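**Student:** Questions regarding the structure given below will be posed in turn.
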Amino acid sequence: MSKTTTDRIQFIRAAVAAHDLYWDKQRPNMTKYRNAYETKFWEGEPTVDKTALRVETADAYAAVESLMGSLFTKYPGVELGPDISGKGDMSVTKLLANNFLKSCRQQIENAGRMALIYPHAFLKLAPRESNALTGKVALRAVPPWQVILDRDASAWEDARFIGHRYYIPVDEATEKFGAKKWQGAPQRDYFDPPDNSRGRGDRDTPELPSEYLYIQVVEMYDFTTDKLLFWSPSWKSGAELLLIRDIPLSTYDKRPLSNLVPLYFSRKPDHPMDGYSALSRVYDQLFEKNILRTFWANAVRRDSRQYTYKKGTFSPDELAKITAGEDGAMIGTDSDAPLASLIEQVPVTNLSANHSEYLNYVEQDLQRGAMTAGFTRGEASRATATEVTALMQYTASELGKMARDRDASIEAAALLYIRMLIPLIDDKDKQVVVTPEGAKIASVAAIDADWSIYATDGGSTPMTDAMRKQQVIQLLPSLVQLGVPHEAIKDEIIRLYELPESFAKVIKAEPAQPAAPALPEVAGPVAATPTDIGGV
């Protein structure tokens with residue numbers, strides 16, 4: 001079904017309006033999660049006493065980073081399955097994909113961190129100028145509020161459209177879309193207040209040079225018509241499209257692809273396109289813990305020594321000497337109640353033990369919500385070996401699920417890079433890459449195939465790797481009894497513990513030299529010759 005330009009603009013406006021409405025409602029929660037992670041818990045939180053001391057704990061940061069440390073250890077990489085038709089060069093394609101992923105490790109980790117703090121995150125690939133094949137495509141982590149989703153879709157592959165809204169400088173917009181009468185403005189951040197644009201009002205905008213002005217661009221993939229649309233409210237108030245073209249990317253079987261890769265660690269079962277923040281699961285416990293620690297901090301500062309005395313008993317100079325202690329305070333009283341001594345200490349009641357018990361419950365809820373056992377964060381415990389093993393298995397299963405989601409995004413990014421590289425390779429340049437099979441030319445024919453891509457980690461995490469190593473060591477006697485060759489066991493141990501490959505080499509023993517023939521025995525003494533004694 002063909003669409004007119006007016007239909008396309010109305011479609012984009014409707015999608016952007018629904019997107020803004022959704023994320024405007026989410027902004028208070030996103031702000032709370034970000035502040036908690038950055039140890040700015042009380043920023044923006046209402047308190048009864050603004051002058052009271054406020055304590056912030058780093059539990060939100062610990063919850064996120066303990067998962068990050070358990071999910072990301074090595075450089076991301078992939079393995080390729082051959083094309084059943086025999087097309088393509090697997091060694092060349094694998095080398096290019098792994099070199100690209102290795103250069104993008106930081107961005108992939110940034111996306112993973114955002115997917116834990118916020119509901120989800122994205123990886124965006126885009127072409128750029130470079131002489132190296134790895135540098136011809138850039139990968140960047142994208143926050144969820146920049147990506148316009150088809151929230152009615154039941155899966156990412158079923159989405160009717162995918163959009164990305166971003167800001168680019170006016171000069172770059174002119175270079176990309178031609179000279180136009182742009183309505184430039186300072187770039188706005190998602191967390192900025194609605195009436196503030198980085199501290200500048202609208203009346204200040206014309207005074208800024210063009211390199212400090214931006215325009216808003218919506219890059220929309222319309223899969224129903226196989227079109228890529230560029231639209232901006234900063235030109236003619238959005239009455240026209242900036243650019244319309246066919247979607248340039250497709251799979252090997254010609255299905256259109258966007259340049260975005262999703263990264264979800266949790267999803268809402270009834271709305272799969274909506275993610276679920278890992279930090280939101282423990283935010284209530286973080287709130288309670290910070291409230292309790294703040295109450296304790298203020299209570300401790302009020303826990304000072306104070307005394308009462310009968311007025312007229314001491315002169316001002318005497319009282320000054322008595323109260324010279326830095327935490328001492330003298331309180332005069334006219335009460336007729338008898339005192340046991342001239343000066344009595346005001347009793348201070350200890351805090352109720354209920355506070356400590358409540359904190360223990362909060363800590364337990366926090367640990368259950370974070371899905372990781374305390375020992376994964378370096379905390380000592382009194383658990384038995386059996387209990388620790390059970391906790392390891394539970395933690396490994398939960399982290400393994402998240403690791404599979406991580407691997408799926410890495411595999412999708414590798415596939416998208418390969419498909420994006422095809423129109424960027426110029427076979428006339430004959431760029432040579434060094435593979436384990438020798439030097440080869442990276443050509444379109446070498447990478448254009450129906451590859452099956454698998455992440456090399458295969459859902460592994462530091463926890464699962466440690467358990468696998470322990471299990472192999474425990475099974476060694478059984479493996480030997482079952483007749484498994486010693487060389488196979490040795491190779492597996494070297495691979496699992498990442499030992500040097502030189503350990504796998506078999507050192508052949510040197511052949512034994514034949515023994516010298518024995519001299520015949522002489523019956524009597526032998527006379528010395530001049531040669532034996534060094535004479536002539």
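Following the order of the structure tokens, first chain is A, next is B, and so on, with residues numbered from 1 inside each chain and ligands from 1 in the order they appear.
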With a distance cut-off of 8 Å and only C-alpha atoms, select the neighbouring residues of Lys94 of chain A, excluding the residue or stretch itself and same-chain residues fewer than 5 positions from it, and output the selection as a PyMOL selection string.
**Tutor:** chain A and resi 78-80
**Student:** Could you list, as number ranges by chain, every residue within 12 Å of Asp253 of chain A, counting only C-alpha atoms and ignoring same-chain residues fewer than 6 positions away?
**Tutor:** A: 419, 448-451
**Student:** For those residues, write C-alpha atoms to a file as a compact mmCIF listing (two decimals), in the first residue's frame.
**Tutor:**
```txt
# COMPACT_ATOMS: atom_id res chain seq x y z
CA ARG A 419 25.48 -6.59 6.36
CA ASP A 448 28.00 -11.95 1.69
CA ALA A 449 26.61 -15.29 2.83
CA ASP A 450 23.94 -16.79 5.06
CA TRP A 451 26.03 -17.02 8.23
```
**Student:** Atom CA of Tyr37 of chain A and atom CA of Ala278 of chain A are how many Å apart?
**Tutor:**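 About the pair atom CA of Tyr37 of chain A and atom CA of Ala278 of chain A: they are 11.6 Å apart.
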**Student:** Determine the nearest neighbour of Ala126 of chain A from the options A:Asn259, A:Ser277, A:Gln364, A:Gln471, counting only C-alpha atoms.
**Tutor:**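 Closest to Ala126 of chain A of all the choices is A:Asn259.
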**Student:** For Ile422 of chain A, which of A:Leu133, A:Ala62, A:Ala455, A:Leu479 is the closest residue, counting only C-alpha atoms?
**Tutor:** A:Leu133
**Student:** Write down as JSON, numbers by chain the residues of segment 143-257 of chain A whose backbone DSSP state falls under strand (DSSP E).
**Tutor:** {"A": [147, 148, 149, 161, 162, 163, 164, 165, 166, 167, 168, 169, 214, 215, 216, 217, 218, 219, 220, 221, 222, 227, 228, 229, 230, 231, 241, 242, 243, 244, 245, 246]}
**Student:** Can you write just those residues out, C-alpha atoms, as a PDB file, in the first residue's frame?
**Tutor:**
```pdb
ATOM      1  CA  VAL A 147      14.273   5.074  20.385  1.00  0.00           C
ATOM      2  CA  ILE A 148      10.684   5.127  19.105  1.00  0.00           C
ATOM      3  CA  LEU A 149       9.186   1.632  19.372  1.00  0.00           C
ATOM      4  CA  PHE A 161       8.464   0.630  12.566  1.00  0.00           C
ATOM      5  CA  ILE A 162      11.552   1.587  14.541  1.00  0.00           C
ATOM      6  CA  GLY A 163      12.658   5.190  14.993  1.00  0.00           C
ATOM      7  CA  HIS A 164      15.558   7.073  16.523  1.00  0.00           C
ATOM      8  CA  ARG A 165      15.289  10.695  17.623  1.00  0.00           C
ATOM      9  CA  TYR A 166      18.540  12.547  18.123  1.00  0.00           C
ATOM     10  CA  TYR A 167      20.163  15.978  17.834  1.00  0.00           C
ATOM     11  CA  ILE A 168      22.830  17.023  15.322  1.00  0.00           C
ATOM     12  CA  PRO A 169      24.598  20.392  14.937  1.00  0.00           C
ATOM     13  CA  TYR A 214      21.214  21.820  17.083  1.00  0.00           C
ATOM     14  CA  ILE A 215      18.231  20.482  15.230  1.00  0.00           C
ATOM     15  CA  GLN A 216      16.118  17.512  16.193  1.00  0.00           C
ATOM     16  CA  VAL A 217      16.048  14.660  13.663  1.00  0.00           C
ATOM     17  CA  VAL A 218      13.755  11.621  13.625  1.00  0.00           C
ATOM     18  CA  GLU A 219      15.153   8.689  11.662  1.00  0.00           C
ATOM     19  CA  MET A 220      12.206   6.362  11.059  1.00  0.00           C
ATOM     20  CA  TYR A 221      12.304   2.860   9.554  1.00  0.00           C
ATOM     21  CA  ASP A 222       8.878   2.077   8.068  1.00  0.00           C
ATOM     22  CA  LYS A 227      11.200   3.084   3.466  1.00  0.00           C
ATOM     23  CA  LEU A 228      13.659   5.070   5.566  1.00  0.00           C
ATOM     24  CA  LEU A 229      12.285   8.514   6.483  1.00  0.00           C
ATOM     25  CA  PHE A 230      14.089  11.550   7.877  1.00  0.00           C
ATOM     26  CA  TRP A 231      11.924  14.232   9.488  1.00  0.00           C
ATOM     27  CA  LEU A 241      10.213  15.324   5.044  1.00  0.00           C
ATOM     28  CA  LEU A 242      13.944  15.928   5.011  1.00  0.00           C
ATOM     29  CA  LEU A 243      14.652  12.775   3.036  1.00  0.00           C
ATOM     30  CA  ILE A 244      12.978   9.550   1.933  1.00  0.00           C
ATOM     31  CA  ARG A 245      14.776   6.498   0.587  1.00  0.00           C
ATOM     32  CA  ASP A 246      14.619   2.712   0.494  1.00  0.00           C
TER      33      ASP A 246
END
```
**Student:** Residues at most 8 Å from Leu286 of chain A, counting only C-alpha atoms, excluding those fewer than 3 positions away in the same chain, as an MDAnalysis selection string?
**Tutor:** chainID A and resid 59:60 282:283 289:290 366
**Student:** Tell me, in Å to one decimal, how far atom CA of Gln183 of chain A is from atom CA of Leu213 of chain A.
**Tutor:**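 According to the coordinates, atom CA of Gln183 of chain A and atom CA of Leu213 of chain A are separated by 8.9 Å.
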**Student:** Pick out the residues sitting within 12 Å of Glu437 of chain A, and hand them over as a VMD selection string; count only C-alpha atoms, and ignore anything fewer than 6 positions along from it in its own chain.
**Tutor:** chain A and resid 89 to 92 94 to 95
**Student:** If you measure from atom CA of Leu292 of chain A to atom CA of Met30 of chain A, what distance in Å do you get, rounded to one decimal?
**Tutor:**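 So the two atoms, atom CA of Leu292 of chain A and atom CA of Met30 of chain A, lie 23.2 Å apart.
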